[in-house]
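Here's the structure, in structure tokens; my notes come after.
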Amino acid sequence: MIAAMEQNSFPALAITPYWASVQEDLLRIVDLIPKGKMGFTPGEELWNSNGILIHVSDARDSWMTRAIQDGEPYPNIWTTARTREDLKRELVRTFERIQRFLANRAQLDKVYPSDDPAHPDRDGHWIAFHLLEHDIHHRAELMQRLALMGVKHEIDL
């Protein structure tokens with residue numbers, strides 16, 4: 001399958017407008033979480049809302065730095081994202097980084113070698129869809145947190 005991917009040029013991804021709506025929802029969720037509730041988690045073994053939001057940005061940075069090697073640094077936001085404004089800044093910064101990747105046909109068509117023998121090599125299209133799926137998953141997780149806190153969000157999926 002990878003050999004076929006190397007020979008074919010796939011169409012440019014037209015997921016950016018939809019992904020932008022997911023991004024807008026994530027930014028809105030940051031503002032909807034009640035004051036003093038960023039640390040809320042429904043269970044000890046589950047991440048709190050703050051950790052989920054950092055994880056979303058961190059995963060974007062990780063893929064862009066380690067797999068894509070887009071030339072931008074990998075900042076450790078686990079130690080610097082402390083406030084709502086920090087979380088929103090990182091979501092915006094990393095989404096802009098993803099948008100540059102989505103606009104780069106060569107990066108999307110390229111096959112990136114895996115450093116883990118248990119995982120196959122992946123092309124940029126797979127990485128893009130994986131990151132979109134990741135954002136959607138965590139948006140749903142955060143929406144569940146809002147519901148458990150009794151927050152009406154009116155986010156339309």
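We name chains A, B, ... following the order of the structure tokens; residues begin at 1 in each chain, and ligands are numbered from 1 as shown.
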task = List the neighbours of His153 (chain A) out to 9 Å using only C-alpha atoms; skip same-chain residues closer than 6 positions along the sequence, and give me the result as a PyMOL selection string.
result = chain A and resi 28-29+32+143+146-147
Keeping all heavy atoms for every residue in the selection just given, could you write it to a file as a tab-separated table (two decimals), in the first residue's frame?
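Here's the written file out_11.tsv:
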chain	number	residue	atom	x	y	z
A	28	ARG	N	-13.99	27.77	22.12
A	28	ARG	CA	-15.21	28.12	22.86
A	28	ARG	C	-15.30	27.33	24.15
A	28	ARG	O	-15.70	27.85	25.19
A	28	ARG	CB	-16.43	27.87	21.97
A	28	ARG	CG	-17.71	28.31	22.60
A	28	ARG	CD	-18.82	28.39	21.57
A	28	ARG	NE	-20.06	28.71	22.24
A	28	ARG	CZ	-21.17	28.04	22.07
A	28	ARG	NH1	-21.22	27.03	21.23
A	28	ARG	NH2	-22.26	28.37	22.72
A	29	ILE	N	-14.93	26.07	24.10
A	29	ILE	CA	-14.97	25.21	25.29
A	29	ILE	C	-14.07	25.77	26.39
A	29	ILE	O	-14.44	25.75	27.56
A	29	ILE	CB	-14.62	23.75	24.93
A	29	ILE	CG1	-15.79	23.12	24.16
A	29	ILE	CG2	-14.28	22.94	26.17
A	29	ILE	CD1	-15.48	21.79	23.50
A	32	LEU	N	-16.02	28.21	28.13
A	32	LEU	CA	-17.22	27.68	28.77
A	32	LEU	C	-16.95	26.94	30.08
A	32	LEU	O	-17.85	26.81	30.92
A	32	LEU	CB	-17.97	26.74	27.82
A	32	LEU	CG	-18.71	27.40	26.67
A	32	LEU	CD1	-19.18	26.34	25.68
A	32	LEU	CD2	-19.88	28.23	27.18
A	143	MET	N	-16.76	18.12	25.75
A	143	MET	CA	-18.20	18.38	25.78
A	143	MET	C	-18.87	17.52	26.85
A	143	MET	O	-19.80	17.97	27.53
A	143	MET	CB	-18.82	18.15	24.40
A	143	MET	CG	-18.43	19.22	23.40
A	143	MET	SD	-18.87	18.83	21.69
A	143	MET	CE	-20.63	18.72	21.80
A	146	LEU	N	-18.27	19.21	30.12
A	146	LEU	CA	-19.19	20.33	30.30
A	146	LEU	C	-20.56	19.83	30.74
A	146	LEU	O	-21.17	20.39	31.67
A	146	LEU	CB	-19.32	21.13	29.00
A	146	LEU	CG	-18.11	21.94	28.56
A	146	LEU	CD1	-18.35	22.55	27.18
A	146	LEU	CD2	-17.75	23.01	29.57
A	147	ALA	N	-21.05	18.76	30.11
A	147	ALA	CA	-22.35	18.22	30.48
A	147	ALA	C	-22.35	17.72	31.92
A	147	ALA	O	-23.31	17.96	32.67
A	147	ALA	CB	-22.73	17.08	29.53
inquiry  = Taking 4 positions as the minimum chain separation for residues in the same chain, which residues sit within 12 Å of His130 (chain A) when counting only C-alpha atoms? Answer as a ChimeraX atom specification.
reply    = /A:19,59-60,63,98,122-126,134-137
ask   = Please, which residues of region 4-149 of chain A, numbered as in this document, come out alpha helix (DSSP H) from DSSP, as a PyMOL selection string?
value = chain A and resi 4-7+16-32+49-62+84-102+105-109+124-148
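For chain A, backbone-based DSSP assignment of strand (DSSP E) covers Val111, Tyr112, Arg122 and Asp123 of chain A.
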C-alpha atoms of the current selection, written as a JSON list (two decimals), in the first residue's frame:
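Result went into result_29.json, see below:
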[["chain", "number", "residue", "atom", "x", "y", "z"],
["A", 111, "VAL", "CA", 5.59, 9.08, 3.16],
["A", 112, "TYR", "CA", 7.07, 9.45, 6.64],
["A", 122, "ARG", "CA", 2.44, 6.90, 7.12],
["A", 123, "ASP", "CA", 1.82, 9.51, 4.49]]
key: Gap from CA of Ile77 (chain A) to CA of Asn50 (chain A) - Å, one decimal   =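 It comes out at 11.6 Å.
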